[in-house]
$ cat data.txt   # compact mmCIF, C-alpha atoms
# COMPACT_ATOMS: atom_id res chain seq x y z
CA PRO A 1 0.30 -2.01 -22.11
CA ALA A 2 -1.74 1.06 -23.13
CA ALA A 3 -4.96 -0.86 -22.58
CA MET A 4 -3.69 -2.00 -19.18
CA SER A 5 -2.95 1.62 -18.19
CA TRP A 6 -6.44 2.63 -19.27
CA MET A 7 -7.90 -0.13 -17.10
CA VAL A 8 -5.93 0.97 -14.03
CA VAL A 9 -7.22 4.54 -14.39
CA ASN A 10 -10.72 3.32 -15.20
CA ILE A 11 -10.84 1.12 -12.09
CA GLN A 12 -10.68 4.31 -10.08
CA ASN A 13 -13.30 6.15 -12.15
CA ASN A 14 -15.72 3.52 -13.45
CA GLY A 15 -15.33 0.23 -11.66
CA GLN A 16 -18.04 -1.76 -13.46
CA GLU A 17 -16.76 -0.97 -16.95
CA ALA A 18 -13.20 -1.74 -15.86
CA PHE A 19 -14.26 -5.11 -14.44
CA GLU A 20 -15.95 -5.98 -17.72
CA LYS A 21 -12.76 -5.15 -19.62
CA ILE A 22 -10.66 -7.18 -17.19
CA ILE A 23 -12.96 -10.20 -17.55
CA GLU A 24 -12.81 -9.82 -21.33
CA ALA A 25 -9.01 -9.65 -21.24
CA GLU A 26 -8.87 -12.66 -18.92
CA SER A 27 -10.95 -14.71 -21.38
CA ILE A 28 -8.53 -13.80 -24.18
CA ALA A 29 -5.30 -14.38 -22.24
CA PRO A 30 -6.03 -16.42 -19.08
CA GLY A 31 -2.34 -17.24 -18.63
CA TYR A 32 -1.19 -13.62 -18.50
CA SER A 33 -0.33 -12.80 -14.88
CA ALA A 34 -0.71 -9.04 -15.28
CA ILE A 35 -4.43 -9.46 -15.96
CA HIS A 36 -4.89 -11.38 -12.69
CA ASN A 37 -2.82 -8.77 -10.87
CA LEU A 38 -5.03 -6.04 -12.32
CA LYS A 39 -8.13 -7.99 -11.36
CA GLY A 40 -6.78 -8.21 -7.80
CA ALA A 41 -6.16 -4.45 -7.82
CA ALA A 42 -9.75 -3.86 -8.94
CA TYR A 43 -11.09 -6.06 -6.15
CA THR A 44 -8.82 -4.28 -3.67
CA LYS A 45 -10.21 -0.92 -4.77
CA ILE A 46 -13.74 -2.06 -3.89
CA ARG A 47 -12.46 -3.70 -0.69
CA GLU A 48 -13.17 -7.29 -1.75
CA PHE A 49 -9.96 -8.56 -0.19
CA ASP A 50 -10.73 -12.29 -0.37
CA LYS A 51 -11.43 -12.05 -4.11
CA ALA A 52 -8.34 -9.90 -4.55
CA THR A 53 -6.26 -12.53 -2.75
CA VAL A 54 -7.52 -15.22 -5.13
CA ALA A 55 -6.62 -13.08 -8.15
CA PHE A 56 -3.17 -12.20 -6.79
CA SER A 57 -2.53 -15.87 -5.95
CA ARG A 58 -3.36 -16.83 -9.53
CA ALA A 59 -0.99 -14.14 -10.80
CA LEU A 60 1.76 -15.54 -8.57
CA GLU A 61 1.12 -19.08 -9.84
CA LEU A 62 1.67 -17.78 -13.37
CA GLU A 63 4.72 -15.70 -12.47
CA PRO A 64 6.28 -17.19 -9.31
CA ASN A 65 9.24 -14.78 -9.16
CA SER A 66 7.16 -11.63 -9.52
CA PHE A 67 7.90 -9.09 -6.81
CA MET A 68 4.61 -7.31 -7.53
CA CYS A 69 2.54 -10.47 -7.05
CA ARG A 70 4.28 -11.28 -3.77
CA PHE A 71 3.91 -7.67 -2.61
CA ASN A 72 0.20 -7.66 -3.44
CA LEU A 73 -0.42 -10.87 -1.50
CA THR A 74 1.41 -9.42 1.50
CA GLU A 75 -0.62 -6.24 1.11
CA MET A 76 -3.80 -8.32 1.43
CA LYS A 77 -2.64 -9.48 4.87
CA PHE A 78 -2.09 -5.83 5.76
CA CYS A 79 -5.57 -4.87 4.47
CA LYS A 80 -7.17 -7.69 6.45
CA GLY A 81 -5.52 -6.50 9.68
CA LYS A 82 -3.13 -9.45 9.92
CA PHE A 83 -0.29 -7.15 10.88
CA ALA A 84 2.17 -9.73 12.24
CA GLU A 85 1.90 -11.76 9.03
CA ALA A 86 2.09 -8.63 6.89
CA GLU A 87 5.20 -7.45 8.71
CA GLN A 88 6.87 -10.81 8.18
CA GLY A 89 5.97 -10.72 4.48
CA PHE A 90 7.24 -7.17 3.98
CA ARG A 91 10.50 -8.02 5.77
CA GLN A 92 10.99 -11.02 3.47
CA LEU A 93 10.30 -8.85 0.43
CA MET A 94 12.94 -6.36 1.60
CA ASP A 95 15.55 -8.99 0.74
CA THR A 96 14.51 -8.94 -2.93
CA THR A 97 17.50 -8.30 -5.15
CA GLY A 98 17.37 -5.07 -7.11
CA LEU A 99 14.58 -3.55 -5.06
CA ASN A 100 14.40 0.20 -5.67
CA GLN A 101 14.51 2.77 -2.87
CA ASP A 102 10.88 3.81 -3.34
CA ASN A 103 9.65 0.26 -2.75
CA LYS A 104 11.94 -0.14 0.26
CA ALA A 105 10.67 3.11 1.75
CA LEU A 106 7.03 2.12 1.27
CA MET A 107 7.55 -1.32 2.79
CA ASN A 108 9.44 0.12 5.76
CA PHE A 109 6.56 2.53 6.26
CA LYS A 110 4.11 -0.39 6.23
CA ILE A 111 6.33 -2.24 8.70
CA LEU A 112 6.21 0.85 10.95
CA ILE A 113 2.41 0.69 10.86
CA CYS A 114 2.52 -3.05 11.58
CA ARG A 115 4.69 -2.35 14.64
CA LEU A 116 2.19 0.25 15.86
CA LYS A 117 -0.76 -2.06 15.27
CA GLN A 118 1.04 -4.68 17.35
CA ASP A 119 1.49 -2.20 20.23
CA ASP A 120 5.22 -1.70 19.62
CA GLU A 121 5.65 2.07 19.43
CA PRO A 122 9.38 1.83 20.34
CA GLY A 123 9.88 -0.49 17.34
CA ALA A 124 8.01 1.97 15.12
CA ARG A 125 10.05 4.91 16.41
CA LYS A 126 13.25 3.00 15.65
CA ILE A 127 12.17 2.75 12.01
CA LEU A 128 11.18 6.44 12.01
CA LYS A 129 14.71 7.46 13.09
CA ALA A 130 16.06 6.31 9.71
CA TRP A 131 14.11 9.08 7.90
CA ASP A 132 14.23 12.85 7.86
CA TYR A 133 12.36 15.75 6.30
CA LEU A 134 14.74 15.94 3.30
CA ASP A 135 14.04 12.42 1.99
CA ASP A 136 12.70 11.90 -1.54
CA HIS A 137 9.77 10.00 -0.03
CA PRO A 138 7.20 11.14 2.56
CA CYS A 139 8.00 8.47 5.17
CA PHE A 140 9.23 10.97 7.77
CA TYR A 141 5.95 12.88 7.64
CA PHE A 142 3.69 9.85 7.30
CA GLY A 143 5.60 7.94 9.98
CA ASN A 144 5.07 10.78 12.45
CA ALA A 145 1.40 10.96 11.43
CA ALA A 146 1.05 7.20 12.00
CA ILE A 147 2.37 7.49 15.53
CA HIS A 148 -0.17 10.23 16.26
CA PHE A 149 -3.04 8.36 14.60
CA ASN A 150 -2.19 5.33 16.68
CA LYS A 151 -2.55 7.47 19.83
CA ALA A 152 -5.87 8.89 18.54
CA GLU A 153 -4.21 12.31 18.15
CA GLU A 154 -5.87 13.06 14.83
CA LYS A 155 -5.25 16.81 14.84
CA LYS A 156 -1.48 16.33 15.24
CA ALA A 157 -1.47 13.52 12.66
CA ARG A 158 -3.31 15.70 10.12
CA LYS A 159 -0.70 18.46 10.54
CA TRP A 160 1.99 15.99 9.47
CA LEU A 161 -0.12 14.88 6.51
CA ASN A 162 -0.80 18.43 5.43
CA ALA A 163 2.91 19.23 5.59
CA ALA A 164 3.68 16.22 3.37
CA LYS A 165 0.98 17.28 0.92
CA LYS A 166 2.80 20.60 0.40
CA ILE A 167 6.08 18.87 -0.44
CA TYR A 168 5.36 15.61 -2.28
CA SER A 169 3.48 14.75 -5.45
CA PRO A 170 -0.18 13.70 -5.30
CA ALA A 171 0.82 10.23 -6.53
CA GLN A 172 3.24 9.74 -3.63
CA ILE A 173 0.73 11.11 -1.14
CA SER A 174 -1.96 8.78 -2.46
CA LEU A 175 0.30 5.74 -2.21
CA TYR A 176 1.07 6.40 1.44
CA THR A 177 -2.44 7.57 2.33
CA ASP A 178 -3.79 4.20 1.21
CA SER A 179 -1.89 2.62 4.10
CA PHE A 180 -3.77 4.82 6.56
CA ILE A 181 -7.08 3.95 4.94
CA GLU A 182 -6.21 0.24 5.08
CA SER A 183 -5.20 0.67 8.74
CA GLY A 184 -8.58 2.14 9.59
CA TRP A 185 -7.18 5.49 10.73
CA ILE A 186 -8.76 7.62 8.00
CA ASP A 187 -11.51 7.30 5.40
CA ASN A 188 -9.74 9.48 2.83
CA PHE A 189 -7.34 12.40 2.54
CA GLU A 190 -8.19 15.41 0.48
$ encode --input "data.txt" --output "structure tokens"
Amino acid sequence: PAAMSWMVVNIQNNGQEAFEKIIEAESIAPGYSAIHNLKGAAYTKIREFDKATVAFSRALELEPNSFMCRFNLTEMKFCKGKFAEAEQGFRQLMDTTGLNQDNKALMNFKILICRLKQDDEPGARKILKAWDYLDDHPCFYFGNAAIHFNKAEEKKARKWLNAAKKIYSPAQISLYTDSFIESGWIDNFE
């Protein structure tokens, strides 16, 4: 587990070295689903979505009941702009027993984006109504930003993002910001 944590951090900082370690780990334990999941995450980071999908599919073959593997495969549909398929996948995942509130919030946020990308702002606004500024997650702020990004109102969207940045942890902000990057609305958020 400690080595896996190092690899996750290293994927962000030194992709080539991380890939070498992942390939080495895969040769030692090819039947360990977490290695394939990590490999998929590494490919996702460098935007090699087809290769990531192969790795996540292999992880799911090895661990068919894994929520994380199913989520990651659905995320690949989202990253590839297949928003109707991604929405369907996220909705199916919402029925997972024992799903924590953080995962539910993130998936509902992704569903909101899928609604917007399918030209259904009323459907997105209906999801947004379930959140408010006191929530433990930044969905209220990011949901409002998404609606503005979708209308090409970047200045208004950035105000919502900046407000969220003042309230929530960098890890939470990063998790939600990735959805905007994957949606093509922003390149990064500093």
$ residues_around --input "data.txt" --residues "stretch 142-149 of chain A" --least-positions-apart "3" --cutoff "9 Å" --atoms "only C-alpha atoms" --output "PyMOL selection string"
chain A and resi 109+112-113+116+121+124-125+127-128+131+138-139+152-161+164+176-177+180+185-186
$ closest_residue --input "data.txt" --among "A:Phe78, A:Tyr133, A:Thr96, A:Lys166" --to "A:Ser183" --atoms "only C-alpha atoms"
A:Phe78
$ residues_around --input "data.txt" --residues "A:Met94" --least-positions-apart "6" --cutoff "12 Å" --atoms "all atoms listed in the file" --output "JSON, numbers by chain"
{"A": [67, 70, 71, 74, 87, 88, 100, 101, 102, 103, 104, 105, 106, 107, 108, 109, 110, 111]}
$ atom_distance --input "data.txt" --atom1 "atom CA of A:Cys69" --atom2 "atom CA of A:Ser169"
25.3 Å
$ closest_atom_pairs --input "data.txt" --of "stretch 72-96 of chain A" --to "stretch 44-60 of chain A" --cutoff "8 Å" --atoms "only C-alpha atoms" --output "CSV"
residue,atom,partner,partner_atom,distance
A:Asn72,CA,A:Phe56,CA,6.6
A:Leu73,CA,A:Phe56,CA,6.1
A:Met76,CA,A:Phe49,CA,6.4
A:Cys79,CA,A:Phe49,CA,7.4
A:Lys80,CA,A:Phe49,CA,7.3
$ atom_distance --input "data.txt" --atom1 "atom CA of A:Ala86" --atom2 "atom CA of A:Asp178"
15.2 Å
$ closest_residue --input "data.txt" --among "A:Leu93, A:Leu134, A:Ala163, A:Ala42" --to "A:Glu20" --atoms "all atoms listed in the file"
A:Ala42
$ atom_distance --input "data.txt" --atom1 "atom CA of A:Phe83" --atom2 "atom CA of A:Glu182"
11.1 Å
$ closest_residue --input "data.txt" --among "A:His137, A:Gln118, A:Glu63, A:Lys82" --to "A:Pro170" --atoms "all atoms listed in the file"
A:His137
